[in-house]
Amino acid sequence: MGFDSDQSVVYQIRLQHRNEEVREILPSGFGGVLVTDRGVSCDAKAFDGMKQQKCIGHLLRNISAVLETKAGPARDFGMRLKALFQEAMQLAKSPPGESRMEPVRDLEDRLV
């Protein structure tokens with residue numbers, strides 16, 4: 001497992017990847033955002049009140065795998081969702097500022 005912040009980086013090599021190992025590293029009252037690969041160790045009740053961001057790359061791979069087995073409306077939904085995630089990733093690479101706000105709002109509206 002790897003953990004990083006503006007101040008430090010911690011790597012763990014463990015036989016198990018459980019929420020107990022994650023809780024050993026995160027300080028009590030952690031107020032940041034936990035970015036995860038969607039592993040079950042970060043889905044424990046202990047993290048219910050914590051802000052989390054799931055890795056979009058992992059989500060895109062999952063969507064691609066599901067699309068291989070779907071047809072009709074289910075496939076259409078998956079294709080639209082994948083396109084929105086890809087658009088969001090491109091938008092995140094654009095320079096911050098007012099010029100990015102309108103495309104962000106447009107994307108948010110389409111996600112609802």
# chains A, B, ... in the order shown; residues from 1 in each chain; ligands from 1
$ residues_around --residues "Met79 of chain A" --least-positions-apart "4" --cutoff "12 Å" --atoms "only C-alpha atoms" --output "PDB file with N, CA and C atoms, in the first residue's frame"
ATOM      1  N   LEU A  60     -12.743   2.952 -14.961  1.00  0.00           N
ATOM      2  CA  LEU A  60     -12.799   2.794 -16.415  1.00  0.00           C
ATOM      3  C   LEU A  60     -12.520   1.350 -16.830  1.00  0.00           C
ATOM      4  N   ASN A  62     -13.140  -1.286 -15.004  1.00  0.00           N
ATOM      5  CA  ASN A  62     -14.329  -2.057 -14.632  1.00  0.00           C
ATOM      6  C   ASN A  62     -15.452  -1.855 -15.643  1.00  0.00           C
ATOM      7  N   ILE A  63     -15.658  -0.622 -16.070  1.00  0.00           N
ATOM      8  CA  ILE A  63     -16.701  -0.344 -17.053  1.00  0.00           C
ATOM      9  C   ILE A  63     -16.402  -1.085 -18.352  1.00  0.00           C
ATOM     10  N   SER A  64     -15.147  -1.059 -18.794  1.00  0.00           N
ATOM     11  CA  SER A  64     -14.773  -1.753 -20.033  1.00  0.00           C
ATOM     12  C   SER A  64     -15.062  -3.249 -19.929  1.00  0.00           C
ATOM     13  N   ALA A  65     -14.765  -3.835 -18.780  1.00  0.00           N
ATOM     14  CA  ALA A  65     -15.023  -5.266 -18.580  1.00  0.00           C
ATOM     15  C   ALA A  65     -16.520  -5.560 -18.635  1.00  0.00           C
ATOM     16  N   VAL A  66     -17.323  -4.698 -18.019  1.00  0.00           N
ATOM     17  CA  VAL A  66     -18.776  -4.894 -18.021  1.00  0.00           C
ATOM     18  C   VAL A  66     -19.328  -4.724 -19.437  1.00  0.00           C
ATOM     19  N   LEU A  67     -18.796  -3.770 -20.188  1.00  0.00           N
ATOM     20  CA  LEU A  67     -19.287  -3.518 -21.546  1.00  0.00           C
ATOM     21  C   LEU A  67     -19.128  -4.732 -22.454  1.00  0.00           C
ATOM     22  N   GLU A  68     -18.149  -5.578 -22.172  1.00  0.00           N
ATOM     23  CA  GLU A  68     -17.941  -6.776 -22.990  1.00  0.00           C
ATOM     24  C   GLU A  68     -19.115  -7.748 -22.894  1.00  0.00           C
ATOM     25  N   LYS A  70     -22.461  -6.683 -22.111  1.00  0.00           N
ATOM     26  CA  LYS A  70     -23.754  -5.995 -22.164  1.00  0.00           C
ATOM     27  C   LYS A  70     -24.162  -5.639 -23.583  1.00  0.00           C
ATOM     28  N   ALA A  71     -25.458  -5.463 -23.754  1.00  0.00           N
ATOM     29  CA  ALA A  71     -26.026  -5.013 -25.021  1.00  0.00           C
ATOM     30  C   ALA A  71     -27.195  -4.094 -24.713  1.00  0.00           C
ATOM     31  N   GLY A  72     -27.681  -3.422 -25.713  1.00  0.00           N
ATOM     32  CA  GLY A  72     -28.867  -2.584 -25.566  1.00  0.00           C
ATOM     33  C   GLY A  72     -28.663  -1.421 -24.618  1.00  0.00           C
ATOM     34  N   PRO A  73     -29.714  -1.076 -23.835  1.00  0.00           N
ATOM     35  CA  PRO A  73     -29.648   0.087 -22.944  1.00  0.00           C
ATOM     36  C   PRO A  73     -28.527  -0.001 -21.907  1.00  0.00           C
ATOM     37  N   ALA A  74     -28.246  -1.204 -21.403  1.00  0.00           N
ATOM     38  CA  ALA A  74     -27.175  -1.349 -20.405  1.00  0.00           C
ATOM     39  C   ALA A  74     -25.823  -0.982 -21.013  1.00  0.00           C
ATOM     40  N   ARG A  75     -25.601  -1.405 -22.250  1.00  0.00           N
ATOM     41  CA  ARG A  75     -24.346  -1.061 -22.928  1.00  0.00           C
ATOM     42  C   ARG A  75     -24.297   0.427 -23.233  1.00  0.00           C
ATOM     43  N   ALA A  83     -17.544   7.623 -21.373  1.00  0.00           N
ATOM     44  CA  ALA A  83     -17.217   8.864 -22.078  1.00  0.00           C
ATOM     45  C   ALA A  83     -17.171  10.054 -21.120  1.00  0.00           C
ATOM     46  N   LEU A  84     -18.097  10.100 -20.159  1.00  0.00           N
ATOM     47  CA  LEU A  84     -18.108  11.187 -19.174  1.00  0.00           C
ATOM     48  C   LEU A  84     -16.860  11.151 -18.297  1.00  0.00           C
ATOM     49  N   PHE A  85     -16.475   9.963 -17.850  1.00  0.00           N
ATOM     50  CA  PHE A  85     -15.247   9.841 -17.046  1.00  0.00           C
ATOM     51  C   PHE A  85     -14.027  10.280 -17.853  1.00  0.00           C
ATOM     52  N   GLN A  86     -13.957   9.869 -19.111  1.00  0.00           N
ATOM     53  CA  GLN A  86     -12.819  10.250 -19.949  1.00  0.00           C
ATOM     54  C   GLN A  86     -12.801  11.761 -20.177  1.00  0.00           C
TER      55      GLN A  86
END
$ select_by_dssp --residues "chain A" --states "strand (DSSP E)" --output "short mmCIF file (atom, residue, chain, number, x, y, z; two decimals) with C-alpha atoms, in the first residue's frame"
data_model
loop_
_atom_site.label_atom_id
_atom_site.label_comp_id
_atom_site.auth_asym_id
_atom_site.auth_seq_id
_atom_site.Cartn_x
_atom_site.Cartn_y
_atom_site.Cartn_z
CA GLY A 2 1.13 3.55 -0.58
CA PHE A 3 0.06 6.69 1.25
CA ASP A 4 1.12 10.21 0.39
CA VAL A 9 5.05 9.34 1.65
CA VAL A 10 4.63 5.94 3.32
CA TYR A 11 4.84 2.56 1.62
CA VAL A 33 -9.63 12.74 1.05
CA LEU A 34 -8.78 9.05 0.91
CA VAL A 35 -8.07 8.14 -2.72
CA THR A 36 -8.47 4.39 -3.23
CA LYS A 51 -14.32 11.72 2.10
CA GLN A 52 -13.16 9.25 -0.54
CA GLN A 53 -12.26 9.44 -4.20
CA LYS A 54 -12.22 6.22 -6.16
#
$ atom_distance --atom1 "atom CA of Leu91 of chain A" --atom2 "atom CA of Glu108 of chain A"
11.8 Å
$ closest_residue --among "A:Asn19, A:Glu24, A:Gly29, A:Thr69" --to "Asp43 of chain A" --atoms "only C-alpha atoms"
A:Asn19
